[in-house]
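Enquirer: Please see the structure below; I have some questions.
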Amino acid sequence: MPLIKTPPPHGGKLVESVVKKRDIAEKMIAGCPTYELKPTTLPDGTPIRHVYREIMSVCYGFFSPVEGSMVQNELERVLNERRLLSEWIFPYPILFDISEEDYKALDVKEGDRLLLMLKGQPFATLDIEEVYKIDPEDVATRTFGTPEKNPEVVREPFNDKHPGYVIYKMHKPVILAGKYTIVNEPKFKEPFDRFWFPPSKCREVIKNEKKWRTVIAHQTRNVPHVGHEMLMKCAAYTGDIEPCHGILVNAIIGAKRRGDYPDEAILEGHEAVNKYGYIKPERHMVTFTLWDMRYGNPIESLLHGVIRQNMGCTHHMFGRDHAAVGEYYDMYATQILWSEGIPSFGFEAPPNEVDYGLKIIPQNMAEFWYCPVCQEIAYSENCGHTDAKQKFSGSFLRGMVAEGIMPPRVVMRPEVYKQIVKWWKVYNYPFVNRRYLDMKNKELEIDLPAMEVPKA
Amino acid sequence: MPHYIAVYLDDARYEKIKGTPLEEKITYLFGGQLKSLVVEVPEDKSEKILKAFEKARIDSRGYIEDVPVAFRRALFEEIAKAKSLDVIDKVLERLDELVEAAKKEDEYIPPPDIE
Ligand SMILES: [Zn+2]
């Protein structure tokens with residue numbers, strides 16, 4: 001077996017659409033019509049998405065080879081076959097949506113350059129290639145699938161209780177399609193700044209600083225308990241002639257569900273795993289991607305594959321109920337996709353075995369629990385004492401945390417728990433609540449340097 | 001059939017019941033690292049609890065879950081005070097106060113006192 005090497009970016013080349021020279025940026029935006037970005041909200045005003053996160057992820061290359069908001073033909077191909085017009089696989093519609101009223105007021109057309117403002121400052125441009133309308137509910141339904149059309153893995157019709165479905169359903173109906181370019185590079189606030197490794201930078205760190213030949217990615221939207229830690233450690237035993245050199249934690253940062261942990265606690269909780277030696281920092285590194293999670297289980301796992309391959313990972317671990325909420329999908333939907341494919345979603349074979357597919361290698365993992373008979377944290381496919389298992393359940397832990405009980409170190413590391421408490425004291429609450437969502441929506445993860453828009 | 005509520009003990013809580021008859025009733029999870037006391041709740045009383053707190057539910061093992069933090073904290077307070085597990089009536093006497101406290105828990109939960 002040949003040694004595994006860092007795969008190329010998805011689509012062959014990393015997208016990097018960030019103009020760093022102020023004079024060039026000023027020339028680009030001179031005299032452009034402007035539009036202040038708005039969050040996508042629920043009818044009651046709860047923010048559930050901010051398109052700035054998608055613009056960041058596109059322009060810094062996390063979503064390579066996607067370069068901007070999709071044209072109608074591309075949207076259709078993604079919904080029907082999960083393929084871009086360039087043939088490369090891609091799971092989700094990426095759209096710049098505005099309301100009819102805003103569209104009328106803006107008075108822009110194909111060929112125009114629109115300057116997107118964020119927090120009152122210039123942020124990015126959108127070179128409008130096409131303007132078209134969508135039926136958001138139809139896009140939402142087709143994005144996630146239906147029990148009739150996708151019988152392999154969809155178990156229940158999607159509805160308003162599914163956060164990803166609602167994000168697409170609440171998209172505005174007018175789509176401005178075209179390429180994004182960041183013209184005023186945002187500065188990340190603490191603690192986000194030290195976890196920001198866009199793909200080109202991440203590849204450089206993996207190669208030159210960490211010197212990892214093989215790297216396995218760990219998806220997270222959670223503060224890690226010891227079950228997660230064991231998953232990372234054990235999944236990393238895959239590799240080629242030796243276990244993977246590195247474990248890359250990539251947290252999804254964006255609007256969250258109530259009851260999840262705050263983003264800051266998630267990042268610093270994972271960092272505590274390496275800082276306090278549970279997995280040495282020589283082998284473990286924490287990063288994030290901006291994305292308002294769609295909870296699309298197999299569909300989301302494709303995006304995870306795209307992002308982490310672009311970041312330079314060779315492998316990706318997938319657990320059961322990957323990026324899932326509720327019982328819309330089969331709990332093994334992601335593992336089915338990566339082991340045999342899901343034809344109704346355009347995959348006759350796993351995503352890493354189709355043409356124009358991914359090069360990242362999946363590592364499907366089962367469950368970990370504490371077994372009092374084995375007297376160790378056991379892997380479900382090893383331990384035969386199923387009746388005695390003591391599970392690391394998220395709700396059991398959340399209950400203990402809310403009560404202010406320090407979990408035992410075999411369940412959650414004390415240093416990890418302290419990160420939860422640290423942010424609990426900041427926000428007066430251990431979990432995401434409405435106040436946190438509103439604050440986050442206002443503050444975002446970034447600040448923008450002041451920049452004038454020159455007259456044309 | 002009675003239901004149950006598990007009360008988890010960290011070191012601070014354990015100190016408060018150490019040396020009392022409760023110590024014998026501790027059950028150990030996760031290789032002895034997690035101590036808990038199991039309170040039995042007669043069915044008519046568990047109904048009262050479910051009625052008072054809309055998120056509360058009975059899980060597949062018959063445990064009452066998702067009760068407010070205020071309720072759980074009160075339950076331990078009464079256990080520590082009485083040095084007994086037979087305290088559910090005492091807790092239910094405080095139900096009105098706990099329902100009020102629980103209403104604020106979407107907004108604020110007091111953080112634990114650690115550095
Ligand atoms: Zn066992």
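Going by the structure tokens order, chains are called A, B, ..., each with residues numbered from 1, while ligands are numbered from 1 in the order shown.
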If we count only C-alpha atoms and set the cut-off at 12 Å, which residues sit around A:Glu190, ignoring sequence neighbours fewer than 2 positions away in its own chain? Please answer as number ranges by chain.

Expert: A: 187-188, 192-196, 263-265, 267-268, 444-447

Enquirer: Would you mind exporting N, CA and C atoms of the selected residues as a PDB file, in the first residue's frame?

Expert:
```
ATOM      1  N   LYS A 187     -11.409  41.266  10.997  1.00  0.00           N
ATOM      2  CA  LYS A 187     -10.509  40.819  12.081  1.00  0.00           C
ATOM      3  C   LYS A 187     -11.345  40.007  13.069  1.00  0.00           C
ATOM      4  N   PHE A 188     -10.889  38.797  13.339  1.00  0.00           N
ATOM      5  CA  PHE A 188     -11.614  37.964  14.302  1.00  0.00           C
ATOM      6  C   PHE A 188     -11.378  38.439  15.717  1.00  0.00           C
ATOM      7  N   PHE A 192     -11.887  33.662  18.862  1.00  0.00           N
ATOM      8  CA  PHE A 192     -11.960  33.080  17.519  1.00  0.00           C
ATOM      9  C   PHE A 192     -10.639  33.235  16.754  1.00  0.00           C
ATOM     10  N   ASP A 193      -9.952  34.381  17.002  1.00  0.00           N
ATOM     11  CA  ASP A 193      -8.755  34.687  16.203  1.00  0.00           C
ATOM     12  C   ASP A 193      -7.708  33.576  16.226  1.00  0.00           C
ATOM     13  N   ARG A 194      -7.525  32.946  17.402  1.00  0.00           N
ATOM     14  CA  ARG A 194      -6.438  31.958  17.427  1.00  0.00           C
ATOM     15  C   ARG A 194      -6.842  30.589  16.878  1.00  0.00           C
ATOM     16  N   PHE A 195      -8.086  30.441  16.465  1.00  0.00           N
ATOM     17  CA  PHE A 195      -8.516  29.172  15.858  1.00  0.00           C
ATOM     18  C   PHE A 195      -8.805  29.308  14.364  1.00  0.00           C
ATOM     19  N   TRP A 196      -8.493  30.475  13.812  1.00  0.00           N
ATOM     20  CA  TRP A 196      -8.836  30.761  12.415  1.00  0.00           C
ATOM     21  C   TRP A 196      -7.712  30.280  11.494  1.00  0.00           C
ATOM     22  N   ASP A 263     -20.377  29.030  21.255  1.00  0.00           N
ATOM     23  CA  ASP A 263     -19.243  28.751  20.371  1.00  0.00           C
ATOM     24  C   ASP A 263     -17.897  28.883  21.079  1.00  0.00           C
ATOM     25  N   GLU A 264     -17.788  29.880  21.932  1.00  0.00           N
ATOM     26  CA  GLU A 264     -16.516  30.130  22.611  1.00  0.00           C
ATOM     27  C   GLU A 264     -16.151  28.951  23.508  1.00  0.00           C
ATOM     28  N   ALA A 265     -17.151  28.388  24.188  1.00  0.00           N
ATOM     29  CA  ALA A 265     -16.905  27.238  25.072  1.00  0.00           C
ATOM     30  C   ALA A 265     -16.541  26.000  24.254  1.00  0.00           C
ATOM     31  N   LEU A 267     -14.910  25.947  21.316  1.00  0.00           N
ATOM     32  CA  LEU A 267     -13.520  26.074  20.853  1.00  0.00           C
ATOM     33  C   LEU A 267     -12.534  25.897  22.004  1.00  0.00           C
ATOM     34  N   GLU A 268     -12.769  26.601  23.115  1.00  0.00           N
ATOM     35  CA  GLU A 268     -11.811  26.518  24.216  1.00  0.00           C
ATOM     36  C   GLU A 268     -11.902  25.175  24.941  1.00  0.00           C
ATOM     37  N   LEU A 444     -21.426  39.425  15.912  1.00  0.00           N
ATOM     38  CA  LEU A 444     -20.759  38.473  15.023  1.00  0.00           C
ATOM     39  C   LEU A 444     -19.393  38.064  15.597  1.00  0.00           C
ATOM     40  N   GLU A 445     -18.634  37.296  14.831  1.00  0.00           N
ATOM     41  CA  GLU A 445     -17.341  36.809  15.329  1.00  0.00           C
ATOM     42  C   GLU A 445     -16.219  37.763  14.963  1.00  0.00           C
ATOM     43  N   ILE A 446     -16.558  38.818  14.230  1.00  0.00           N
ATOM     44  CA  ILE A 446     -15.530  39.656  13.612  1.00  0.00           C
ATOM     45  C   ILE A 446     -15.815  41.142  13.810  1.00  0.00           C
ATOM     46  N   ASP A 447     -14.782  41.937  13.576  1.00  0.00           N
ATOM     47  CA  ASP A 447     -14.961  43.375  13.402  1.00  0.00           C
ATOM     48  C   ASP A 447     -14.377  43.750  12.055  1.00  0.00           C
TER      49      ASP A 447
END
```

Enquirer: Should the cut-off be 8 Å, what would the residue list for chain B against chain A look like, counting only C-alpha atoms, as a VMD selection string?

Expert: chain B and resid 8 to 10 29 to 31 33 to 34 66 69 72 to 73 106 to 112 114 to 115

Enquirer: Give me, as a list of chain:residue names, all polymer residues having an atom no more than 8 Å from stretch 233-244 of chain A, counting only C-alpha atoms and skipping those fewer than 6 positions away in the same chain.

Expert: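 The neighbour list is A:Met1, A:Pro2, A:Leu3, A:Ile4, A:Arg213, A:Thr214, A:Val215, A:Ile216, A:Ile279, A:His315, A:Met317, A:Gln363, A:Met365.
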
Enquirer: Between atom CA of A:Lys5 and atom CA of A:Ala323, what distance in Å does the model show, to one decimal?

Expert: 27.1 Å

Enquirer: Name the closest residue to B:Val91 among the candidates B:Ile17, B:Ile58, B:Ile64, B:Val41; distances are taken between atoms, counting only C-alpha atoms.

Expert: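 For B:Val91, the nearest of the candidates is B:Val41.
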
Enquirer: Would you kindly return, as a list in words, each protein, DNA or RNA residue with an atom no farther than 7 Å from any atom of A:Phe368, considering only C-alpha atoms and excluding same-chain residues fewer than 6 positions away?

Expert: Gly227, Ile377, Ala378, Tyr379 and Ser380 of chain A

Enquirer: So that I can check the secondary structure, give me every residue of stretch 52-104 of chain B assigned alpha helix (DSSP H) by backbone DSSP, as a PyMOL selection string.

Expert: chain B and resi 52+69-82+88-93+95-103

Enquirer: Please run DSSP on the backbone and report, as a list in words, all residues within chain B that come out as strand (DSSP E or B).

Expert: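 Strand (DSSP E or B) members of chain B, listed: His3, Tyr4, Ile5, Ala6, Val7, Tyr8, Leu9, Thr27, Tyr28, Leu29, Leu34, Lys35, Ser36, Leu37, Val38, Val39, Glu40, Val41, Arg57, Ile58, Tyr63, Ile64 and Glu65 of chain B.
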
Enquirer: Excluding A:Asp127 and its own-chain neighbours fewer than 4 positions away, which residues fall within 7 Å of it when counting only C-alpha atoms? Please give them as number ranges by chain.

Expert: A: 111-114, 178-180

Enquirer: Give me a file of those residues, with all heavy atoms, as a PDB file, in the first residue's frame.

Expert:
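out_31.pdb, freshly written:
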```pdb
ATOM      1  N   GLY A 111     -24.441  41.968 -14.489  1.00  0.00           N
ATOM      2  CA  GLY A 111     -23.313  42.776 -14.929  1.00  0.00           C
ATOM      3  C   GLY A 111     -22.914  43.844 -13.916  1.00  0.00           C
ATOM      4  O   GLY A 111     -21.819  44.390 -13.993  1.00  0.00           O
ATOM      5  N   ASP A 112     -23.804  44.129 -12.957  1.00  0.00           N
ATOM      6  CA  ASP A 112     -23.473  45.133 -11.937  1.00  0.00           C
ATOM      7  C   ASP A 112     -22.598  44.527 -10.842  1.00  0.00           C
ATOM      8  O   ASP A 112     -22.664  43.335 -10.581  1.00  0.00           O
ATOM      9  CB  ASP A 112     -24.748  45.671 -11.280  1.00  0.00           C
ATOM     10  CG  ASP A 112     -25.504  46.615 -12.197  1.00  0.00           C
ATOM     11  OD1 ASP A 112     -24.943  46.991 -13.248  1.00  0.00           O
ATOM     12  OD2 ASP A 112     -26.672  46.941 -11.878  1.00  0.00           O
ATOM     13  N   ARG A 113     -21.845  45.421 -10.204  1.00  0.00           N
ATOM     14  CA  ARG A 113     -21.110  44.997  -9.002  1.00  0.00           C
ATOM     15  C   ARG A 113     -21.796  45.610  -7.794  1.00  0.00           C
ATOM     16  O   ARG A 113     -21.947  46.826  -7.711  1.00  0.00           O
ATOM     17  CB  ARG A 113     -19.660  45.459  -9.079  1.00  0.00           C
ATOM     18  CG  ARG A 113     -18.895  45.242  -7.773  1.00  0.00           C
ATOM     19  CD  ARG A 113     -17.406  45.471  -7.930  1.00  0.00           C
ATOM     20  NE  ARG A 113     -16.837  44.392  -8.730  1.00  0.00           N
ATOM     21  CZ  ARG A 113     -15.633  44.462  -9.305  1.00  0.00           C
ATOM     22  NH1 ARG A 113     -14.905  45.559  -9.188  1.00  0.00           N
ATOM     23  NH2 ARG A 113     -15.170  43.451 -10.010  1.00  0.00           N
ATOM     24  N   LEU A 114     -22.197  44.732  -6.852  1.00  0.00           N
ATOM     25  CA  LEU A 114     -22.862  45.191  -5.640  1.00  0.00           C
ATOM     26  C   LEU A 114     -21.863  45.127  -4.490  1.00  0.00           C
ATOM     27  O   LEU A 114     -21.168  44.131  -4.331  1.00  0.00           O
ATOM     28  CB  LEU A 114     -24.065  44.278  -5.359  1.00  0.00           C
ATOM     29  CG  LEU A 114     -24.937  44.606  -4.145  1.00  0.00           C
ATOM     30  CD1 LEU A 114     -25.570  45.989  -4.260  1.00  0.00           C
ATOM     31  CD2 LEU A 114     -26.030  43.530  -3.998  1.00  0.00           C
ATOM     32  N   GLY A 178     -23.593  35.120  -8.415  1.00  0.00           N
ATOM     33  CA  GLY A 178     -22.322  35.637  -8.924  1.00  0.00           C
ATOM     34  C   GLY A 178     -21.213  35.465  -7.913  1.00  0.00           C
ATOM     35  O   GLY A 178     -21.424  34.981  -6.802  1.00  0.00           O
ATOM     36  N   LYS A 179     -20.034  35.885  -8.342  1.00  0.00           N
ATOM     37  CA  LYS A 179     -18.825  35.650  -7.551  1.00  0.00           C
ATOM     38  C   LYS A 179     -18.695  36.652  -6.400  1.00  0.00           C
ATOM     39  O   LYS A 179     -18.950  37.840  -6.577  1.00  0.00           O
ATOM     40  CB  LYS A 179     -17.639  35.780  -8.504  1.00  0.00           C
ATOM     41  CG  LYS A 179     -16.352  35.250  -7.979  1.00  0.00           C
ATOM     42  CD  LYS A 179     -15.254  35.322  -9.056  1.00  0.00           C
ATOM     43  CE  LYS A 179     -13.970  34.876  -8.435  1.00  0.00           C
ATOM     44  NZ  LYS A 179     -12.973  35.820  -8.150  1.00  0.00           N
ATOM     45  N   TYR A 180     -18.283  36.142  -5.238  1.00  0.00           N
ATOM     46  CA  TYR A 180     -17.989  37.000  -4.089  1.00  0.00           C
ATOM     47  C   TYR A 180     -16.494  37.323  -4.042  1.00  0.00           C
ATOM     48  O   TYR A 180     -15.664  36.463  -4.338  1.00  0.00           O
ATOM     49  CB  TYR A 180     -18.276  36.279  -2.764  1.00  0.00           C
ATOM     50  CG  TYR A 180     -19.699  35.910  -2.452  1.00  0.00           C
ATOM     51  CD1 TYR A 180     -20.001  34.618  -2.006  1.00  0.00           C
ATOM     52  CD2 TYR A 180     -20.728  36.841  -2.519  1.00  0.00           C
ATOM     53  CE1 TYR A 180     -21.306  34.261  -1.644  1.00  0.00           C
ATOM     54  CE2 TYR A 180     -22.035  36.486  -2.162  1.00  0.00           C
ATOM     55  CZ  TYR A 180     -22.307  35.195  -1.730  1.00  0.00           C
ATOM     56  OH  TYR A 180     -23.585  34.841  -1.368  1.00  0.00           O
TER      57      TYR A 180
END
```

Enquirer: When you look at A:Thr287 with a cut-off of 12 Å (counting only C-alpha atoms), what residues show up, excluding the ones that are within fewer than 3 positions of it in the same chain? I need them as a VMD selection string.

Expert: chain A and resid 62 191 to 199 201 to 202 205 217 to 221 247 to 253 263 to 264 266 to 268 270 to 271 284 290 307 to 308 311

Enquirer: For stretch 76-90 of chain A, find every residue with an atom within 7 Å (counting only C-alpha atoms), except residues of its own chain fewer than 6 positions away, and show them as a ChimeraX atom specification.

Expert: /A:11,142-143,345-346,356-357

Enquirer: Let me make sure I understand: among B:Leu95, B:Ile88, B:Ala74, B:Met1, which one has the smallest atom-to-atom distance to B:Glu43 if we use only C-alpha atoms?

Expert: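 So, comparing all the options, the nearest one is B:Met1.
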
Enquirer: From the set B:Glu54, B:Asp44, B:Asp59, B:Glu65, which residue has the shortest atom-to-atom contact distance to B:Ile5, counting only C-alpha atoms?

Expert: B:Glu65

Enquirer: Rounded to one decimal, what separation in Å do you get between atom CA of B:Val87 and atom CA of B:Leu75?

Expert: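 Between these atoms lies a distance of 7.5 Å.
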
Enquirer: Rank A:Glu381, A:Asp292, A:Glu204, A:Glu415 by their smallest atom-to-atom distance to ligand 1, using only C-alpha atoms and all ligand atoms, and report the top residue only.

Expert: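 Of A:Glu381, A:Asp292, A:Glu204, A:Glu415, the one nearest ligand 1, counting only C-alpha atoms and all ligand atoms, is A:Glu381.
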